[in-house]
Amino acid sequence: MAKERKDFNYEIIDGFDHIIEESGNNSINLRKISWNGRPMKLDIRKYAYKDGEEMMMKGCSFSEEGANELTGVLVESGYGETRRIIKSLRDREDFDESLLDKSIEIEDDDSTEDFYDPKQLLELSGADEE
């Protein structure tokens with residue numbers, strides 16, 4: 001369903017709209033949204049409902065890479081029910097049952113990726129000015 005506002009337009013991709021939490025006339029939804037005709041992003045956002053109208057509130061959007069990183073961080077931090085996660089994984093096309101064998105070592109494919117703490121970068125740039 002495509003919607004337009006004065007400053008931007010967006011299209012909620014049909015078939016992917018999940019209510020994560022509900023409270024009164026508000027909900028937090030997980031959706032796939034295309035912003036201003038750009039490629040789809042995964043979007044977590046609060047919505048308010050008044051007089052049958054849905055009002056978009058604050059939220060955040062993730063690229064595919066960001067969504068994958070978020071998923072990894074949540075699972076590694078102990079979020080999610082293990083049975084549900086494994087059942088969902090088994091339903092995926094790319095799932096191989098041997099991945100559940102603990103004796104198989106799985107390489108960390110992003111171990112060479114460098115991440116920087118923004119505070120450290122700001123400290124470094126301040127040191128250059130002195």
# chains A, B, ... in the order shown; residues from 1 in each chain; ligands from 1
$ select_by_dssp --residues "segment 8-128 of chain A" --states "strand (DSSP E or B)" --output "number ranges by chain"
A: 9-23, 26-35, 41-50, 53-62
$ write_last_selection --atoms "C-alpha atoms" --output "CSV table (one decimal), in the first residue's frame"
chain,number,residue,atom,x,y,z
A,9,ASN,CA,6.4,9.1,0.2
A,10,TYR,CA,6.6,5.4,1.1
A,11,GLU,CA,5.2,2.1,0.2
A,12,ILE,CA,4.6,-0.7,2.7
A,13,ILE,CA,5.5,-4.0,1.0
A,14,ASP,CA,2.5,-6.4,1.1
A,15,GLY,CA,2.9,-9.7,2.9
A,16,PHE,CA,5.4,-8.4,5.6
A,17,ASP,CA,3.7,-6.5,8.4
A,18,HIS,CA,4.2,-7.8,11.9
A,19,ILE,CA,3.0,-6.3,15.1
A,20,ILE,CA,5.8,-6.6,17.7
A,21,GLU,CA,4.0,-4.9,20.6
A,22,GLU,CA,0.7,-3.3,21.2
A,23,SER,CA,-0.4,-0.8,23.9
A,26,ASN,CA,-0.2,2.4,19.7
A,27,SER,CA,1.7,-0.4,18.1
A,28,ILE,CA,5.3,-1.2,17.1
A,29,ASN,CA,5.4,-2.8,13.7
A,30,LEU,CA,8.1,-4.6,11.8
A,31,ARG,CA,7.5,-3.9,8.1
A,32,LYS,CA,9.3,-3.8,4.7
A,33,ILE,CA,9.1,-0.2,3.4
A,34,SER,CA,10.3,1.5,0.2
A,35,TRP,CA,11.1,5.1,1.0
A,41,LYS,CA,14.4,-1.6,3.9
A,42,LEU,CA,13.3,-3.4,7.1
A,43,ASP,CA,11.5,-0.9,9.3
A,44,ILE,CA,10.7,-0.9,13.0
A,45,ARG,CA,8.4,1.9,13.9
A,46,LYS,CA,5.8,3.0,16.3
A,47,TYR,CA,2.3,3.8,14.9
A,48,ALA,CA,-0.5,5.6,16.6
A,49,TYR,CA,-4.2,5.0,15.6
A,50,LYS,CA,-6.8,7.7,15.9
A,53,GLU,CA,-6.2,6.6,10.8
A,54,GLU,CA,-2.7,5.2,11.1
A,55,MET,CA,-0.1,7.8,12.0
A,56,MET,CA,3.6,7.0,11.5
A,57,MET,CA,5.7,7.9,14.5
A,58,LYS,CA,9.5,7.6,15.2
A,59,GLY,CA,11.3,4.5,14.1
A,60,CYS,CA,14.3,3.2,12.2
A,61,SER,CA,15.0,1.5,9.0
A,62,PHE,CA,17.7,-1.1,8.2
$ atom_distance --atom1 "atom CA of Arg90 of chain A" --atom2 "atom CA of Gly72 of chain A"
16.8 Å
